[in-house]
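Asker: Okay, so here is data-v9.cif, and as you'll see once you scroll down, it has mmCIF, C-alpha atoms.
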```cif
data_work
#
loop_
_atom_site.label_atom_id
_atom_site.label_comp_id
_atom_site.auth_asym_id
_atom_site.auth_seq_id
_atom_site.Cartn_x
_atom_site.Cartn_y
_atom_site.Cartn_z
CA MET R 1 88.12 56.02 97.20
CA ALA R 2 88.27 52.27 96.92
CA THR R 3 91.91 52.37 97.87
CA GLU R 4 90.99 54.16 101.07
CA ALA R 5 88.74 51.32 102.14
CA HIS R 6 91.60 48.91 101.61
CA GLY R 7 94.23 51.08 103.25
CA GLU R 8 96.72 49.28 105.46
CA GLU R 9 96.76 52.05 108.10
CA ALA R 10 94.57 52.27 111.18
CA PRO R 11 90.90 52.46 110.11
CA GLY R 12 90.38 55.86 111.71
CA LEU R 13 92.93 58.00 109.96
CA VAL R 14 93.51 57.47 106.23
CA PHE R 15 95.14 60.11 104.09
CA HIS R 16 95.25 59.73 100.36
CA PRO R 17 94.54 63.31 99.35
CA LEU R 18 96.02 62.91 95.88
CA ASP R 19 94.43 59.58 94.98
CA GLN R 20 91.39 61.43 93.63
CA PHE R 21 93.54 62.73 90.80
CA ILE R 22 94.70 59.30 89.54
CA VAL R 23 93.81 58.71 85.90
CA LYS R 24 92.14 55.29 85.59
CA PRO R 25 90.69 53.41 82.66
CA LEU R 26 86.93 53.18 83.12
CA PHE R 27 86.41 49.72 81.63
CA GLY R 28 89.07 47.68 83.36
CA GLY R 29 92.70 47.18 82.50
CA GLU R 30 95.72 49.03 83.74
CA HIS R 31 97.27 50.55 80.73
CA VAL R 32 96.30 54.12 79.80
CA GLY R 33 96.77 54.27 76.04
CA LEU R 34 96.10 57.20 73.77
CA PHE R 35 92.44 56.35 73.10
CA THR R 36 91.61 54.58 76.38
CA ILE R 37 88.33 55.75 77.88
CA THR R 38 89.34 56.98 81.34
CA ASN R 39 87.72 58.93 84.15
CA VAL R 40 89.23 62.01 82.50
CA THR R 41 87.29 61.18 79.33
CA LEU R 42 84.10 60.73 81.30
CA TRP R 43 84.31 64.09 83.08
CA LEU R 44 85.41 65.90 79.94
CA ALA R 45 82.36 64.42 78.22
CA LEU R 46 80.16 65.54 81.11
CA ALA R 47 81.55 69.06 80.78
CA VAL R 48 80.69 68.99 77.07
CA ALA R 49 77.20 67.70 77.92
CA ALA R 50 76.67 70.38 80.57
CA ILE R 51 77.70 73.15 78.17
CA ALA R 52 75.52 71.74 75.41
CA ALA R 53 72.58 71.48 77.81
CA LEU R 54 72.95 75.05 78.97
CA PHE R 55 73.62 76.68 75.62
CA VAL R 56 71.68 74.51 73.19
CA LEU R 57 68.78 73.04 75.17
CA GLY R 58 68.58 76.09 77.43
CA THR R 59 68.22 78.53 74.57
CA ARG R 60 66.04 76.43 72.26
CA GLY R 61 63.00 78.58 73.07
CA ARG R 62 64.72 81.66 71.56
CA ALA R 63 62.38 83.60 73.80
CA ILE R 64 62.24 87.41 73.81
CA VAL R 65 61.41 87.10 77.50
CA PRO R 66 63.97 84.44 78.47
CA SER R 67 63.46 81.36 80.60
CA ARG R 68 65.75 80.89 83.60
CA THR R 69 68.23 78.69 81.78
CA GLN R 70 68.24 81.00 78.79
CA SER R 71 68.96 83.98 81.04
CA ILE R 72 71.98 82.18 82.51
CA ALA R 73 73.29 81.48 79.01
CA GLU R 74 72.63 85.09 78.00
CA VAL R 75 74.31 86.50 81.10
CA LEU R 76 77.44 84.39 80.47
CA TYR R 77 77.43 85.43 76.82
CA GLY R 78 77.00 89.12 77.60
CA PHE R 79 79.58 89.03 80.40
CA THR R 80 82.26 87.42 78.23
CA TYR R 81 81.43 89.53 75.19
CA LYS R 82 81.73 92.73 77.19
CA MET R 83 84.98 91.55 78.77
CA VAL R 84 86.56 90.86 75.36
CA GLU R 85 85.30 94.16 73.97
CA ASP R 86 86.38 96.24 76.98
CA VAL R 87 89.81 94.70 77.49
CA ALA R 88 91.01 93.85 73.99
CA GLY R 89 88.95 96.21 71.86
CA LYS R 90 86.46 95.88 69.01
CA ASP R 91 88.88 94.07 66.69
CA ALA R 92 89.18 91.23 69.23
CA ILE R 93 85.50 90.34 68.85
CA LYS R 94 86.28 87.83 66.10
CA PHE R 95 88.17 85.76 68.68
CA PHE R 96 85.19 85.82 71.02
CA PRO R 97 84.01 82.25 70.19
CA TYR R 98 87.44 80.83 71.10
CA ILE R 99 87.61 82.75 74.36
CA PHE R 100 84.04 81.82 75.19
CA THR R 101 84.83 78.14 74.51
CA LEU R 102 87.81 78.34 76.86
CA PHE R 103 85.88 80.12 79.59
CA MET R 104 82.89 77.79 79.45
CA PHE R 105 85.07 74.68 79.42
CA ILE R 106 87.05 75.77 82.48
CA LEU R 107 83.96 77.00 84.30
CA ALA R 108 82.03 73.79 83.65
CA SER R 109 85.02 71.57 84.54
CA ASN R 110 85.73 73.47 87.76
CA PHE R 111 82.15 73.21 88.95
CA LEU R 112 81.74 69.59 87.87
CA GLY R 113 84.95 68.81 89.76
CA LEU R 114 83.28 70.06 92.93
CA LEU R 115 80.62 67.36 92.82
CA PRO R 116 81.33 64.62 95.37
CA MET R 117 83.05 61.55 93.83
CA SER R 118 83.79 63.50 90.66
CA PHE R 119 87.09 63.99 88.88
CA ALA R 120 88.48 67.50 88.50
CA THR R 121 89.94 67.61 84.99
CA THR R 122 91.22 71.16 85.47
CA SER R 123 93.40 70.00 88.37
CA HIS R 124 95.69 68.26 85.86
CA PHE R 125 98.63 70.13 84.42
CA ALA R 126 98.25 68.11 81.24
CA VAL R 127 94.89 69.82 80.74
CA THR R 128 95.70 73.33 81.95
CA GLY R 129 99.10 73.17 80.24
CA VAL R 130 97.51 72.40 76.89
CA LEU R 131 95.06 75.26 77.37
CA ALA R 132 97.82 77.68 78.36
CA LEU R 133 100.15 76.60 75.55
CA ALA R 134 97.34 76.85 73.03
CA VAL R 135 96.69 80.41 74.22
CA PHE R 136 100.42 81.18 74.15
CA PHE R 137 101.01 79.95 70.60
CA THR R 138 97.79 81.37 69.22
CA VAL R 139 98.48 84.78 70.71
CA THR R 140 102.11 84.79 69.52
CA ILE R 141 101.09 83.80 65.98
CA ILE R 142 98.33 86.42 65.91
CA GLY R 143 100.81 89.01 67.15
CA PHE R 144 103.28 88.33 64.33
CA VAL R 145 100.60 87.97 61.65
CA LYS R 146 98.91 91.24 62.61
CA ASN R 147 101.97 93.37 63.36
CA GLY R 148 104.87 91.56 61.66
CA ALA R 149 108.17 92.46 63.28
CA GLY R 150 106.34 95.30 65.01
CA PHE R 151 105.11 92.72 67.51
CA LEU R 152 108.64 92.76 68.97
CA SER R 153 107.98 96.32 70.18
CA LEU R 154 106.10 94.57 72.98
CA PHE R 155 109.56 93.81 74.44
CA TRP R 156 111.10 97.19 73.65
CA VAL R 157 109.83 99.62 76.29
CA SER R 158 110.10 102.88 74.37
CA SER R 159 109.05 104.99 77.35
CA ALA R 160 112.07 103.84 79.41
CA PRO R 161 115.53 105.51 79.26
CA MET R 162 117.71 104.20 76.44
CA ALA R 163 120.24 102.55 78.77
CA LEU R 164 117.55 100.53 80.52
CA ARG R 165 115.80 99.27 77.42
CA PRO R 166 117.97 96.20 76.70
CA ILE R 167 117.67 95.06 80.30
CA LEU R 168 113.91 95.60 80.28
CA ALA R 169 113.75 93.75 76.97
CA ILE R 170 115.33 90.68 78.57
CA ILE R 171 112.95 90.88 81.54
CA GLU R 172 109.96 91.30 79.23
CA LEU R 173 111.11 88.39 77.11
CA ILE R 174 111.49 86.10 80.13
CA SER R 175 108.13 87.15 81.52
CA TYR R 176 106.55 86.50 78.12
CA PHE R 177 107.84 82.93 78.03
CA VAL R 178 106.90 82.31 81.66
CA ARG R 179 103.29 83.24 80.86
CA PRO R 180 102.10 79.74 79.87
CA VAL R 181 103.72 78.25 82.97
CA SER R 182 102.11 80.65 85.41
CA HIS R 183 98.88 80.61 83.41
CA SER R 184 98.52 76.82 83.65
CA ILE R 185 99.89 76.27 87.15
CA ARG R 186 97.68 79.02 88.63
CA LEU R 187 94.55 77.20 87.51
CA GLY R 188 95.72 73.61 88.05
CA GLY R 189 97.35 74.38 91.39
CA ASN R 190 94.31 76.18 92.78
CA ILE R 191 91.92 73.41 91.88
CA MET R 192 94.27 70.63 93.01
CA ALA R 193 95.08 72.31 96.33
CA GLY R 194 91.43 72.92 97.16
CA HIS R 195 90.43 69.34 96.42
CA ALA R 196 93.42 67.93 98.33
CA VAL R 197 92.62 70.06 101.39
CA ILE R 198 89.00 68.90 101.39
CA LYS R 199 90.26 65.31 101.17
CA VAL R 200 92.63 65.82 104.12
CA PHE R 201 89.77 67.12 106.26
CA ALA R 202 87.65 64.22 105.06
CA GLY R 203 90.39 61.94 106.42
CA PHE R 204 90.20 63.67 109.81
CA ALA R 205 86.44 63.13 109.82
CA GLY R 206 87.19 59.45 110.55
CA LEU R 207 88.16 60.38 114.11
CA ALA R 208 84.98 60.65 116.17
CA ALA R 209 86.39 63.32 118.49
CA ILE R 210 87.15 65.88 115.81
CA SER R 211 84.74 64.78 113.11
CA PRO R 212 82.27 67.66 113.73
CA ILE R 213 85.08 70.18 113.30
CA ALA R 214 86.33 68.33 110.25
CA VAL R 215 82.88 68.28 108.66
CA LEU R 216 82.37 71.98 109.40
CA SER R 217 85.78 72.70 107.89
CA ILE R 218 84.89 70.73 104.78
CA THR R 219 81.70 72.77 104.47
CA ALA R 220 83.59 76.04 104.83
CA ILE R 221 86.35 75.05 102.41
CA TYR R 222 83.77 73.77 99.97
CA GLY R 223 82.17 77.21 99.99
CA LEU R 224 85.58 78.75 99.35
CA GLU R 225 86.21 76.26 96.55
CA VAL R 226 82.97 77.22 94.84
CA LEU R 227 84.29 80.77 94.79
CA VAL R 228 87.72 79.61 93.60
CA ALA R 229 86.15 77.58 90.79
CA GLY R 230 84.44 80.67 89.39
CA VAL R 231 87.28 83.08 90.06
CA GLN R 232 89.98 80.89 88.54
CA ALA R 233 87.95 80.33 85.38
CA TYR R 234 87.50 84.10 85.17
CA VAL R 235 91.18 84.79 85.86
CA PHE R 236 92.31 82.33 83.19
CA THR R 237 89.95 83.91 80.68
CA ILE R 238 90.75 87.53 81.41
CA LEU R 239 94.50 86.80 81.25
CA THR R 240 93.90 85.21 77.86
CA VAL R 241 92.08 88.36 76.77
CA VAL R 242 94.90 90.55 78.10
CA TYR R 243 97.47 88.47 76.16
CA LEU R 244 95.28 88.81 73.09
CA LYS R 245 95.25 92.58 73.58
CA ASP R 246 99.06 92.54 73.71
CA ALA R 247 99.10 90.65 70.43
CA LEU R 248 96.66 93.03 68.70
CA HIS R 249 98.08 96.25 70.14
CA PRO R 250 101.70 95.51 71.15
CA ALA R 251 102.73 99.13 71.77
CA HIS R 252 103.17 99.92 75.44
CA MET Z 1 82.46 43.15 93.57
CA ALA Z 2 85.24 40.59 93.74
CA THR Z 3 86.85 41.83 90.57
CA GLU Z 4 86.54 45.34 91.86
CA THR Z 5 88.28 44.39 95.07
CA THR Z 6 91.19 42.77 93.27
CA GLU Z 7 91.30 45.72 90.97
CA ALA Z 8 91.37 48.07 93.90
CA ALA Z 9 94.10 46.03 95.50
CA THR Z 10 96.21 46.13 92.38
CA ASP Z 11 95.38 49.81 92.13
CA ALA Z 12 96.62 50.30 95.66
CA ALA Z 13 99.84 48.54 94.82
CA HIS Z 14 100.08 50.57 91.68
CA GLY Z 15 99.26 53.69 93.67
CA ALA Z 16 102.06 52.97 96.10
CA ALA Z 17 104.45 52.78 93.19
CA GLU Z 18 103.02 56.03 91.89
CA THR Z 19 103.25 57.80 95.22
CA SER Z 20 106.98 57.28 95.16
CA ALA Z 21 106.96 59.02 91.80
CA GLY Z 22 104.89 61.92 93.21
CA MET Z 23 101.60 63.46 92.22
CA PRO Z 24 99.25 61.88 89.68
CA GLN Z 25 99.49 65.21 87.89
CA LEU Z 26 103.11 64.42 87.02
CA GLU Z 27 102.34 60.90 85.75
CA PHE Z 28 103.55 61.67 82.25
CA GLY Z 29 102.37 58.33 80.86
CA THR Z 30 98.74 59.55 81.05
CA PHE Z 31 99.45 62.87 79.29
CA PRO Z 32 98.86 61.78 75.66
CA ASN Z 33 95.52 60.28 76.65
CA GLN Z 34 94.42 63.37 78.59
CA ILE Z 35 95.56 65.73 75.86
CA PHE Z 36 93.81 63.70 73.17
CA TRP Z 37 90.47 63.70 74.98
CA LEU Z 38 90.86 67.33 75.98
CA VAL Z 39 91.35 68.36 72.36
CA VAL Z 40 88.32 66.29 71.35
CA ALA Z 41 86.23 67.94 74.08
CA LEU Z 42 87.37 71.44 73.18
CA VAL Z 43 86.69 70.94 69.48
CA VAL Z 44 83.21 69.62 70.23
CA ILE Z 45 82.47 72.52 72.59
CA PHE Z 46 83.81 75.01 70.07
CA PHE Z 47 81.61 73.71 67.27
CA VAL Z 48 78.52 73.42 69.44
CA LEU Z 49 78.97 76.97 70.69
CA SER Z 50 80.08 78.72 67.51
CA ARG Z 51 77.69 76.91 65.15
CA VAL Z 52 74.55 76.69 67.29
CA ALA Z 53 74.58 78.51 70.59
CA LEU Z 54 76.37 81.79 69.95
CA PRO Z 55 74.51 82.78 66.74
CA ARG Z 56 71.26 81.87 68.46
CA ILE Z 57 71.96 83.97 71.55
CA ALA Z 58 73.23 86.87 69.44
CA GLY Z 59 70.02 86.66 67.40
CA VAL Z 60 67.83 86.62 70.48
CA LEU Z 61 69.66 89.59 71.99
CA ALA Z 62 69.41 91.59 68.75
CA GLU Z 63 65.75 90.71 68.40
CA ARG Z 64 65.07 91.76 71.97
CA GLN Z 65 66.87 95.06 71.39
CA GLY Z 66 64.74 95.61 68.27
CA THR Z 67 61.53 94.79 70.10
CA ILE Z 68 62.39 97.18 72.92
CA THR Z 69 63.22 99.97 70.47
CA ASN Z 70 59.98 99.40 68.55
CA ASP Z 71 57.92 99.35 71.72
CA LEU Z 72 59.53 102.55 72.92
CA SER Z 73 58.84 104.38 69.65
CA ALA Z 74 55.26 103.09 69.64
CA ALA Z 75 54.84 104.36 73.20
CA GLU Z 76 56.24 107.74 72.13
CA GLU Z 77 53.74 107.91 69.28
CA LEU Z 78 50.84 107.02 71.54
CA LYS Z 79 51.94 109.68 74.00
CA GLU Z 80 51.97 112.31 71.25
CA LYS Z 81 48.49 111.24 70.23
CA ALA Z 82 47.28 111.54 73.80
CA VAL Z 83 48.69 115.06 74.05
CA GLU Z 84 46.97 116.01 70.79
CA ALA Z 85 43.67 114.59 71.99
CA GLU Z 86 43.98 116.53 75.21
CA GLU Z 87 44.55 119.76 73.31
CA ALA Z 88 41.52 119.14 71.12
CA TYR Z 89 39.47 118.41 74.19
CA ASN Z 90 40.59 121.64 75.83
CA VAL Z 91 39.71 123.67 72.73
CA ALA Z 92 36.28 122.04 72.52
CA LEU Z 93 35.72 122.66 76.19
CA ALA Z 94 36.57 126.36 75.89
CA GLU Z 95 34.26 126.73 72.88
CA ALA Z 96 31.42 125.02 74.68
CA ARG Z 97 31.95 127.22 77.67
CA MET Z 98 31.79 130.34 75.52
CA GLU Z 99 28.64 129.11 73.79
CA ALA Z 100 27.03 128.37 77.12
CA GLY Z 101 27.88 131.85 78.39
CA LYS Z 102 26.32 133.43 75.30
CA ILE Z 103 23.15 131.39 75.63
CA ALA Z 104 22.88 132.24 79.30
CA ALA Z 105 23.31 135.97 78.60
CA GLU Z 106 20.66 135.87 75.88
CA ALA Z 107 18.20 134.08 78.10
CA LYS Z 108 18.88 136.54 80.86
CA ALA Z 109 18.25 139.54 78.58
CA GLU Z 110 15.02 138.03 77.29
CA ILE Z 111 13.75 137.33 80.75
CA GLN Z 112 14.74 140.83 81.87
CA ALA Z 113 12.78 142.38 79.00
CA GLU Z 114 9.71 140.34 79.80
CA LEU Z 115 10.05 141.18 83.42
CA ASP Z 116 10.36 144.88 82.67
CA ALA Z 117 7.28 144.83 80.46
CA ALA Z 118 5.27 143.03 83.09
CA ALA Z 119 6.43 145.44 85.78
CA ALA Z 120 5.51 148.45 83.63
CA ARG Z 121 2.09 146.98 82.96
CA ALA Z 122 1.57 146.28 86.61
CA ASP Z 123 2.68 149.81 87.52
CA ALA Z 124 0.25 151.34 85.03
CA GLU Z 125 -2.61 149.23 86.36
CA ILE Z 126 -1.72 150.14 89.91
CA ALA Z 127 -1.58 153.86 88.98
CA ALA Z 128 -4.98 153.66 87.31
CA LYS Z 129 -6.51 151.89 90.27
CA THR Z 130 -4.96 154.46 92.64
CA ALA Z 131 -6.32 157.37 90.65
CA GLU Z 132 -9.79 155.79 90.61
CA SER Z 133 -9.64 155.18 94.34
CA GLU Z 134 -8.44 158.73 94.98
CA ALA Z 135 -11.33 160.09 92.90
CA ALA Z 136 -13.75 157.92 94.86
CA ILE Z 137 -12.28 159.07 98.17
CA ALA Z 138 -12.44 162.73 97.06
CA GLU Z 139 -16.07 162.28 96.06
CA ILE Z 140 -16.87 160.64 99.35
CA ARG Z 141 -15.06 163.40 101.24
CA ALA Z 142 -16.95 166.08 99.30
CA GLY Z 143 -20.25 164.30 99.96
CA ALA Z 144 -19.41 164.18 103.62
CA VAL Z 145 -18.69 167.92 103.83
CA GLU Z 146 -22.01 168.66 102.09
CA ALA Z 147 -23.82 166.36 104.46
CA VAL Z 148 -22.16 167.98 107.45
CA LYS Z 149 -23.16 171.41 106.12
CA ALA Z 150 -26.73 170.34 105.60
CA VAL Z 151 -26.96 168.73 109.03
CA ALA Z 152 -25.30 171.72 110.66
CA LYS Z 153 -27.74 174.12 108.88
CA ASP Z 154 -30.73 172.06 109.86
CA THR Z 155 -29.54 171.59 113.40
CA THR Z 156 -28.65 175.26 113.81
CA GLY Z 157 -32.04 176.28 112.35
CA GLU Z 158 -33.84 173.94 114.75
CA ILE Z 159 -31.79 175.06 117.75
CA LEU Z 160 -32.42 178.74 116.93
CA SER Z 161 -36.09 178.24 116.37
CA SER Z 162 -36.39 176.31 119.62
CA MET Z 163 -34.67 179.14 121.41
CA GLY Z 164 -37.15 181.45 119.83
CA VAL Z 165 -34.83 183.25 117.61
CA LYS Z 166 -35.88 183.79 114.10
CA ALA Z 167 -33.09 183.55 111.69
CA ASP Z 168 -33.21 183.43 107.97
CA ALA Z 169 -31.63 180.53 106.12
CA ARG Z 170 -29.10 182.63 104.24
CA SER Z 171 -27.36 184.08 107.30
CA ILE Z 172 -27.19 180.62 108.90
CA THR Z 173 -25.60 179.16 105.82
CA SER Z 174 -22.97 181.89 105.57
CA ALA Z 175 -22.20 181.52 109.30
CA ILE Z 176 -21.77 177.80 109.01
CA ASN Z 177 -19.65 178.13 105.90
CA ALA Z 178 -17.43 180.65 107.70
CA ARG Z 179 -17.19 178.34 110.72
CA LEU Z 180 -16.37 175.25 108.58
CA LYS Z 181 -13.69 177.10 106.72
CA GLY Z 182 -12.07 178.15 109.96
#
```
Give the structure from the file, written as structure tokens.
Answerer:
Amino acid sequence: MATEAHGEEAPGLVFHPLDQFIVKPLFGGEHVGLFTITNVTLWLALAVAAIAALFVLGTRGRAIVPSRTQSIAEVLYGFTYKMVEDVAGKDAIKFFPYIFTLFMFILASNFLGLLPMSFATTSHFAVTGVLALAVFFTVTIIGFVKNGAGFLSLFWVSSAPMALRPILAIIELISYFVRPVSHSIRLGGNIMAGHAVIKVFAGFAGLAAISPIAVLSITAIYGLEVLVAGVQAYVFTILTVVYLKDALHPAH
Amino acid sequence: MATETTEAATDAAHGAAETSAGMPQLEFGTFPNQIFWLVVALVVIFFVLSRVALPRIAGVLAERQGTITNDLSAAEELKEKAVEAEEAYNVALAEARMEAGKIAAEAKAEIQAELDAAAARADAEIAAKTAESEAAIAEIRAGAVEAVKAVAKDTTGEILSSMGVKADARSITSAINARLKG
């Protein structure tokens, strides 16, 4: 934002749609070390605070007839619980806290990223990649621990003709290892693209002639992005649950 | 402000260098930092949720389910009681109705008996009075016939004597009696 004000181009039209994603130390300095407090740290902390506010402060009444905040927490809890139970089965319930943590983190980060001047942590592949890889390794380990070598039957499509099975096995194997890539880039790409597009239209708003159109477009895209924020968090979570189901019940 | 400006300027310069490298998302130098803070955030969220929030919400939901079940069974019980009370009421009502009918019939019979007695008494009195009156009328009628006979005898005697006919009393009487009979 500051860089925009100091841009060398003509004052009307300034495009730096990706500058909003730059990781910067909050308290001066240039170098981003391992423990440096950056804008990423700040918005991760805000996500933690938002989740704690909703689920700890919001439910502190423990009311039989819930307050508004408590109902939101309960609806999210019930929604996720039912999703895990319906998709992955009863024996997946013990992983519910992990899945709920993932879902709430992504949901909170996506919506916090939509605040003006904020930083969208889920637009970074470092963040979504870690989430996706964590899911990938956890699910693979669970699969082998629960089913032993039987987990490999996930790649052996026993309903296909014998001649096709080796080929299908290779395809299944590739698709299995592509999962974390698609899983992370789907979320990061969606959030990044939405924010970049809003920023591009914000740049057009500097031209008086088209600024009303630009502002209207920003409004419309912002509405779409609100939807995307919720949907992408949901998609990431339900894919995680589907992968978990594969690990618990690998048979096709 | 001044420091900020210089910072921004250096940032811009830095940014220009970065832009040549591509997106900030692919700035691998910031990855360890992001991953470190992400893991910290996730661990904190996980412990806050799994230690505090999730057991609490599960408890509230279970408690609510229990309360609803209890309330429903209590309502069922109360409904049964209401049905029982209604039945008892209906039975009592039918009994009372029967009792009332009996009392009414009794009262009616009593009144009828009294009425009958009074009517009989009145009839007897009326019959007695009628008989008395009839006797009196008969007496009066008899008296009247006698009087007519006497007057007719006297008158006939007088008329005959004035005409110069001598007639004895006995023949006059028999003539008058024959005439009156006719």
Asker: Mind listing as a VMD selection string which residues of chain R are within 9 Å of chain Z, counting only C-alpha atoms?
Answerer: chain R and resid 2 to 4 6 to 7 18 to 23 28 to 30 32 to 38 40 to 41 44 to 45 47 to 49 51 to 52 55 to 56 59 to 60 62 to 65 70 73 to 74 77 97 to 98 100 to 102 104 to 105 121 123 to 127 130
Asker: Please indicate the distance in Å from atom CA of R:Gly143 to atom CA of R:Lys245, rounded to one decimal place.
Answerer: 9.2 Å
Asker: Which residue out of R:Val135, R:Ser158, R:Lys199, R:Ala108 has the minimum interatomic distance to R:Gln232 when only C-alpha atoms are used?
Answerer: R:Ala108
Asker: Let me know the residues the PyMOL selection byres ((chain R and resi 214) around 9) catches in the file above, as a list of chain:residue names.
Answerer: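 After applying the PyMOL selection byres ((chain R and resi 214) around 9), what remains is R:Phe201, R:Ala202, R:Gly203, R:Phe204, R:Ala205, R:Gly206, R:Ile210, R:Ser211, R:Pro212, R:Ile213, R:Val215, R:Leu216, R:Ser217, R:Ile218, R:Thr219.
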Asker: Expand the PyMOL selection byres ((chain R and resi 115) around 12) into the explicit residue set it covers here, and present it as a VMD selection string.
Answerer: chain R and resid 43 46 108 to 114 116 to 120 195 222 225 to 226 229
Asker: To one decimal in Å, tell me the separation between atom CA of R:Ile170 and atom CA of R:Ser153.
Answerer: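 Taking atom CA of R:Ile170 and atom CA of R:Ser153, their separation equals 12.5 Å.
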Asker: For R:Val200, which of R:Phe79, R:Thr122, R:Ile221, R:His31 is the closest residue, counting all atoms listed in the file?
Answerer: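 Counting all atoms listed in the file, the residue closest to R:Val200 is R:Ile221.
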Asker: May I have the residues within 12 Å of R:Thr140 as a list in words, using only C-alpha atoms and disregarding those fewer than 4 positions away in the same chain?
Answerer: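 So, after excluding close chain neighbours, the residues are Leu133, Ala134, Val135, Phe136, Phe144, Val145, Lys146, Asn147, Gly148, Ala149, Phe151, Leu152, Leu154, Tyr176, Phe177, Arg179, Pro180, Thr240, Tyr243, Leu244, Lys245, Asp246, Ala247, Leu248 and Pro250 of chain R.
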Asker: Could you tell me how far atom CA of R:Lys82 sits from atom CA of R:Val242, in Å to one decimal place?
Answerer: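 Pair atom CA of R:Val242 / atom CA of R:Lys82 returns 13.4 Å.
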Asker: From the list R:Gly58, R:Pro25, R:Gly89, R:Gly129, which residue is nearest R:Val181 when using all atoms listed in the file?
Answerer: R:Gly129
Asker: Padding 4 Å on every side, please: axis-aligned box over the listed atoms of stretch 143-160 of chain R, centre and edge lengths to one decimal in Å, as AutoDock Vina command-line options.
Answerer:
```
--center_x 105.5 --center_y 96.5 --center_z 70.5 --size_x 21.2 --size_y 25.0 --size_z 25.8
```
Asker: Got a sec: who's within 10 Å of R:Tyr81, counting all atoms listed in the file, leaving out chain neighbours fewer than 2 positions off, as a list of chain:residue names?
Answerer: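 Contacts, with the query itself left out: R:Val75, R:Leu76, R:Tyr77, R:Gly78, R:Phe79, R:Met83, R:Val84, R:Glu85, R:Asp86, R:Ala92, R:Ile93, R:Phe96, R:Pro97, R:Ile99, R:Phe100.
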Asker: Leaving out Z:Thr156 and any residue of its chain fewer than 3 positions from it, which residues lie within 10 Å of it when counting all atoms listed in the file, given as a PyMOL selection string?
Answerer: chain Z and resi 150-153+159-162+167+169+172-173+176
Asker: Using all atoms listed in the file, determine which residues lie at most 6 Å from stretch 233-239 of chain R, disregarding the query and same-chain residues fewer than 6 positions distant; provide the list as a count of residues only.
Answerer: 3
Asker: Identify which of the residues R:Asn39, R:Glu172, R:Phe15, R:Thr69 lies closest to R:Val197, counting only C-alpha atoms when measuring atom-to-atom distances.
Answerer: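 Answer, going by the shortest atom-to-atom distance: R:Phe15.
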Asker: Take stretch 87-98 of chain R, model N, CA and C atoms, and hand the result over as a compact mmCIF listing (two decimals), in the coordinates of the input.
Answerer:
```txt
# COMPACT_ATOMS: atom_id res chain seq x y z
N VAL R 87 88.38 94.87 77.21
CA VAL R 87 89.81 94.70 77.49
C VAL R 87 90.63 94.73 76.20
N ALA R 88 90.18 94.00 75.19
CA ALA R 88 91.01 93.85 73.99
C ALA R 88 90.53 94.69 72.81
N GLY R 89 89.40 95.32 72.93
CA GLY R 89 88.95 96.21 71.86
C GLY R 89 88.03 95.52 70.85
N LYS R 90 87.46 96.36 69.97
CA LYS R 90 86.46 95.88 69.01
C LYS R 90 87.03 94.82 68.07
N ASP R 91 88.32 95.00 67.68
CA ASP R 91 88.88 94.07 66.69
C ASP R 91 89.16 92.69 67.29
N ALA R 92 88.98 92.54 68.61
CA ALA R 92 89.18 91.23 69.23
C ALA R 92 87.90 90.40 69.23
N ILE R 93 86.79 91.04 68.78
CA ILE R 93 85.50 90.34 68.85
C ILE R 93 85.50 89.07 68.00
N LYS R 94 86.31 89.04 66.94
CA LYS R 94 86.28 87.83 66.10
C LYS R 94 86.91 86.63 66.80
N PHE R 95 87.63 86.87 67.90
CA PHE R 95 88.17 85.76 68.68
C PHE R 95 87.24 85.36 69.82
N PHE R 96 86.12 86.07 69.92
CA PHE R 96 85.19 85.82 71.02
C PHE R 96 84.76 84.36 71.15
N PRO R 97 84.42 83.65 70.04
CA PRO R 97 84.01 82.25 70.19
C PRO R 97 85.09 81.38 70.84
N TYR R 98 86.36 81.64 70.51
CA TYR R 98 87.44 80.83 71.10
C TYR R 98 87.54 81.10 72.60
```
